[in-house]
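Raw contents of target.pdb, PDB, C-alpha atoms:
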```pdb
ATOM      1  CA  MET K1059    -120.565 266.236  23.367
ATOM      2  CA  TYR K1060    -119.457 262.691  24.275
ATOM      3  CA  ARG K1061    -115.774 263.623  24.046
ATOM      4  CA  GLN K1062    -116.297 266.740  26.169
ATOM      5  CA  SER K1063    -118.015 264.678  28.860
ATOM      6  CA  ALA K1064    -115.273 262.081  28.727
ATOM      7  CA  LEU K1065    -112.605 264.758  28.992
ATOM      8  CA  LEU K1066    -114.319 266.374  31.969
ATOM      9  CA  GLY K1067    -114.560 262.980  33.666
ATOM     10  CA  LEU K1068    -110.898 262.342  32.918
ATOM     11  CA  LEU K1069    -109.899 265.667  34.404
ATOM     12  CA  ALA K1070    -111.955 265.027  37.550
ATOM     13  CA  VAL K1071    -110.276 261.653  38.049
ATOM     14  CA  LEU K1072    -106.808 263.050  37.438
ATOM     15  CA  ILE K1073    -107.347 266.008  39.751
ATOM     16  CA  GLY K1074    -108.380 263.550  42.429
ATOM     17  CA  CYS K1075    -105.227 261.497  41.789
ATOM     18  CA  ALA K1076    -102.748 264.328  41.686
ATOM     19  CA  ALA K1077    -101.858 267.330  43.761
ATOM     20  CA  SER K1078     -99.259 268.885  41.477
ATOM     21  CA  SER K1079     -98.672 269.672  37.819
ATOM     22  CA  ALA K1080     -95.830 267.124  37.775
ATOM     23  CA  THR K1081     -98.365 264.358  37.213
ATOM     24  CA  THR K1082     -97.678 262.443  34.005
ATOM     25  CA  VAL K1083    -100.480 261.264  31.747
ATOM     26  CA  ASP K1084     -99.772 259.001  28.783
ATOM     27  CA  VAL K1085    -102.061 259.240  25.754
ATOM     28  CA  TYR K1086    -101.887 256.296  23.359
ATOM     29  CA  LEU K1087    -100.923 257.491  19.898
ATOM     30  CA  ASN K1088     -99.514 254.673  17.800
ATOM     31  CA  ALA K1089    -100.887 254.930  14.282
ATOM     32  CA  ALA K1090     -98.595 252.115  13.097
ATOM     33  CA  SER K1091    -100.494 249.601  15.250
ATOM     34  CA  GLY K1092    -103.724 250.199  13.318
ATOM     35  CA  VAL K1093    -105.641 251.199  16.471
ATOM     36  CA  ILE K1094    -105.593 254.951  15.843
ATOM     37  CA  ASP K1095    -106.299 256.344  12.362
ATOM     38  CA  LEU K1096    -104.963 259.899  12.339
ATOM     39  CA  SER K1097    -106.298 260.528   8.829
ATOM     40  CA  TRP K1098    -109.800 260.228  10.224
ATOM     41  CA  ASP K1099    -109.425 262.957  12.854
ATOM     42  CA  ASN K1100    -106.814 264.463  15.129
ATOM     43  CA  GLY K1101    -108.713 263.894  18.368
ATOM     44  CA  PRO K1102    -105.719 262.306  20.126
ATOM     45  CA  GLN K1103    -103.546 265.366  19.477
ATOM     46  CA  ASN K1104    -106.338 267.657  20.706
ATOM     47  CA  LEU K1105    -106.655 265.537  23.838
ATOM     48  CA  ILE K1106    -102.909 265.780  24.482
ATOM     49  CA  ALA K1107    -103.025 269.554  24.018
ATOM     50  CA  GLN K1108    -105.914 269.912  26.486
ATOM     51  CA  LEU K1109    -104.316 267.655  29.080
ATOM     52  CA  SER K1110    -101.000 269.500  28.738
ATOM     53  CA  SER K1111    -102.560 272.605  30.253
ATOM     54  CA  ALA K1112    -102.843 270.863  33.633
ATOM     55  CA  PHE K1113    -100.529 267.829  33.477
ATOM     56  CA  THR K1114     -97.427 266.509  31.799
ATOM     57  CA  ALA K1115     -99.130 264.794  28.875
ATOM     58  CA  GLN K1116     -96.972 262.626  26.674
ATOM     59  CA  VAL K1117     -97.394 260.320  23.716
ATOM     60  CA  ALA K1118     -97.392 256.592  24.417
ATOM     61  CA  SER K1119     -96.687 254.056  21.688
ATOM     62  CA  GLY K1120     -97.899 251.096  23.737
ATOM     63  CA  ALA K1121     -99.179 249.942  27.093
ATOM     64  CA  PRO K1122     -97.551 251.550  30.151
ATOM     65  CA  MET K1123     -94.654 249.490  31.544
ATOM     66  CA  GLY K1124     -91.678 249.913  33.813
ATOM     67  CA  ALA K1125     -90.682 252.040  36.750
ATOM     68  CA  ALA K1126     -91.636 255.386  35.188
ATOM     69  CA  GLU K1127     -95.298 254.509  34.773
ATOM     70  CA  PRO K1128     -97.587 257.516  34.390
ATOM     71  CA  ALA K1129    -100.367 258.341  36.867
ATOM     72  CA  ALA K1130    -102.920 257.715  34.128
ATOM     73  CA  PHE K1131    -103.094 256.049  30.730
ATOM     74  CA  VAL K1132    -105.631 257.332  28.202
ATOM     75  CA  LEU K1133    -106.789 255.325  25.218
ATOM     76  CA  PRO K1134    -108.506 257.706  22.761
ATOM     77  CA  ALA K1135    -111.404 256.502  20.622
ATOM     78  CA  GLN K1136    -110.127 253.624  18.506
ATOM     79  CA  THR K1137    -110.645 254.890  14.954
ATOM     80  CA  GLY K1138    -108.424 252.362  13.183
ATOM     81  CA  GLN K1139    -109.098 248.864  11.902
ATOM     82  CA  ALA K1140    -107.516 247.055  14.884
ATOM     83  CA  SER K1141    -108.598 247.081  18.513
ATOM     84  CA  PHE K1142    -106.125 247.981  21.252
ATOM     85  CA  SER K1143    -106.796 244.727  23.105
ATOM     86  CA  SER K1144    -105.882 242.672  20.041
ATOM     87  CA  VAL K1145    -102.533 244.347  19.244
ATOM     88  CA  GLU K1146    -101.120 245.651  22.529
ATOM     89  CA  ASP K1147     -99.979 243.977  25.761
ATOM     90  CA  MET K1148    -103.126 243.618  27.861
ATOM     91  CA  ASP K1149    -101.169 241.896  30.645
ATOM     92  CA  ALA K1150     -99.252 245.159  31.089
ATOM     93  CA  ILE K1151    -102.563 247.041  31.337
ATOM     94  CA  SER K1152    -103.819 244.529  33.930
ATOM     95  CA  GLN K1153    -100.668 244.968  36.017
ATOM     96  CA  TYR K1154    -100.923 248.739  35.687
ATOM     97  CA  ILE K1155    -104.503 248.679  37.017
ATOM     98  CA  ALA K1156    -103.567 246.221  39.780
ATOM     99  CA  ALA K1157    -100.893 248.714  40.900
ATOM    100  CA  GLY K1158    -103.666 251.265  41.496
ATOM    101  CA  ARG K1159    -103.175 253.358  38.380
ATOM    102  CA  VAL K1160    -105.962 254.914  36.298
ATOM    103  CA  VAL K1161    -106.851 253.758  32.777
ATOM    104  CA  ILE K1162    -109.396 255.692  30.750
ATOM    105  CA  ALA K1163    -110.562 254.154  27.483
ATOM    106  CA  LEU K1164    -112.851 256.161  25.233
ATOM    107  CA  ASP K1165    -115.293 253.951  23.398
ATOM    108  CA  SER K1166    -115.804 254.127  19.658
ATOM    109  CA  SER K1167    -118.479 252.979  17.264
ATOM    110  CA  SER K1168    -116.180 250.405  15.666
ATOM    111  CA  HIS K1169    -114.598 248.866  18.784
ATOM    112  CA  SER K1170    -116.409 248.002  21.989
ATOM    113  CA  GLY K1171    -114.914 249.061  25.285
ATOM    114  CA  ALA K1172    -116.330 245.893  26.843
ATOM    115  CA  ASP K1173    -113.620 243.730  25.259
ATOM    116  CA  PHE K1174    -110.915 246.103  26.470
ATOM    117  CA  ALA K1175    -112.377 246.193  29.996
ATOM    118  CA  ALA K1176    -112.760 242.418  30.163
ATOM    119  CA  LYS K1177    -109.141 241.815  29.196
ATOM    120  CA  ALA K1178    -107.791 244.668  31.331
ATOM    121  CA  LEU K1179    -109.604 243.412  34.427
ATOM    122  CA  ASN K1180    -109.044 239.706  33.663
ATOM    123  CA  TYR K1181    -112.766 239.028  33.491
ATOM    124  CA  ASP K1182    -114.087 235.942  31.792
ATOM    125  CA  GLY K1183    -117.548 234.726  31.003
ATOM    126  CA  PRO K1184    -120.787 235.920  29.444
ATOM    127  CA  SER K1185    -121.759 238.424  32.142
ATOM    128  CA  CYS K1186    -118.615 240.523  31.837
ATOM    129  CA  CYS K1187    -118.987 244.289  31.703
ATOM    130  CA  LYS K1188    -122.760 244.464  32.116
ATOM    131  CA  VAL K1189    -122.760 246.606  35.236
ATOM    132  CA  HIS K1190    -125.355 248.921  33.711
ATOM    133  CA  HIS K1191    -127.942 246.237  34.455
ATOM    134  CA  GLN K1192    -127.197 246.481  38.178
ATOM    135  CA  PRO K1193    -128.243 249.963  39.318
ATOM    136  CA  SER K1194    -127.167 249.337  42.895
ATOM    137  CA  LEU K1195    -123.520 248.956  41.785
ATOM    138  CA  ALA K1196    -123.727 252.079  39.656
ATOM    139  CA  ARG K1197    -125.234 254.008  42.565
ATOM    140  CA  LYS K1198    -122.412 252.832  44.853
ATOM    141  CA  ALA K1199    -119.832 254.028  42.321
ATOM    142  CA  VAL K1200    -121.438 257.476  42.077
ATOM    143  CA  ASP K1201    -121.742 257.773  45.855
ATOM    144  CA  GLY K1202    -118.105 256.711  46.271
ATOM    145  CA  ALA K1203    -116.969 259.275  43.727
ATOM    146  CA  ARG K1204    -118.885 262.008  45.546
ATOM    147  CA  ARG K1205    -117.095 261.175  48.784
ATOM    148  CA  HIS K1206    -113.658 261.353  47.160
ATOM    149  CA  PHE K1207    -114.003 264.331  44.824
ATOM    150  CA  THR K1208    -115.119 267.839  45.596
ATOM    151  CA  PRO K1209    -116.929 269.903  42.949
ATOM    152  CA  LEU K1210    -114.814 272.247  40.862
ATOM    153  CA  VAL K1211    -117.134 275.219  41.405
TER     154      VAL K1211
END
```
Final structure tokens representation of the file:
Amino acid sequence: MYRQSALLGLLAVLIGCAASSATTVDVYLNAASGVIDLSWDNGPQNLIAQLSSAFTAQVASGAPMGAAEPAAFVLPAQTGQASFSSVEDMDAISQYIAAGRVVIALDSSSHSGADFAAKALNYDGPSCCKVHHQPSLARKAVDGARRHFTPLV
């Protein structure tokens, strides 16, 4: 259920970002890094297959860099022993976000998304990534999303 909700949210964001099927989405799939364990499940491949029905989904072996950056970068649930933020170039992710691109990181039980978000957004300090304790900020985010996205009904 969590993955379905995450995928629906991803699709809503990407539809809002793109007007054509030429939109490229990179899905991180680098088993050699230790972040993704493909023997555990093949969720990343399923995600690529689902995204390919609406976008140009391609495999990424690292953080997005260079002139041909995709419209979105998806980090599937980290099922391996290593966390993405400890083995990949988080400065590249920060620059990617600063350029206005979308990064979607699915949380996992073994690796917290808070560490990824803190490094990706260059946050520092003990209060990083605790927005859920501030309902007014969450409400503003939901209201902003409603203004920018129309329902897919």
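Across K:Leu1133, K:Val1160, K:Ser1091, K:Ala1121, the tightest approach to Asp1147 (chain K) is made by K:Ala1121 when counting all atoms listed in the file.
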Give as a ChimeraX atom specification the residues that the PyMOL selection byres ((chain K and resi 1089) around 12) matches when applied to the coordinates above.
/K:1086-1088,1090-1100,1102-1103,1117-1120,1134,1136-1142,1145
Using all atoms listed in the file, which residues sit within 9 Å of Leu1105 (chain K) once same-chain residues fewer than 4 positions away are excluded, as a PyMOL selection string?
chain K and resi 1065+1085+1100-1101+1109-1110+1134
Residue nearest Ala1135 (chain K) among K:Gln1108, K:Ser1167, K:Ser1152, K:Thr1114 (counting all atoms listed in the file):
K:Ser1167
Which value, in Å to one decimal, gives the distance between CA of Asp1149 (chain K) and CA of Asp1182 (chain K)?
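Calculated distance between CA of Asp1149 (chain K) and CA of Asp1182 (chain K) is 14.3 Å.
Here CA of Tyr1181 (chain K) stands at a distance of 12.1 Å from CA of Met1148 (chain K).
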How many Å lie between CA of Ala1156 (chain K) and CA of Ser1168 (chain K), rounded to one decimal?
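Taking CA of Ala1156 (chain K) and CA of Ser1168 (chain K), their separation equals 27.5 Å.
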Restricting the calculation to all atoms listed in the file: of K:Val1132, K:Leu1164, K:Met1123, K:Ala1107, which residue gets closest to Val1083 (chain K)?
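Of K:Val1132, K:Leu1164, K:Met1123, K:Ala1107, the one nearest Val1083 (chain K) is K:Val1132, counting all atoms listed in the file.
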Name every residue that the PyMOL selection byres ((chain K and resi 1130) around 8) selects in this structure, writing the answer as a ChimeraX atom specification with chains first and numbers rising.
/K:1072,1082-1084,1128-1129,1131-1132,1159-1162
So for region 1135-1150 of chain K, what box centre and size do we get, axis-aligned, 3 Å extra on each of the six sides, every listed atom, Å to one decimal, as JSON?
```
{"center_x": -105.3, "center_y": 249.2, "center_z": 21.5, "size_x": 18.2, "size_y": 20.6, "size_z": 25.2}
```
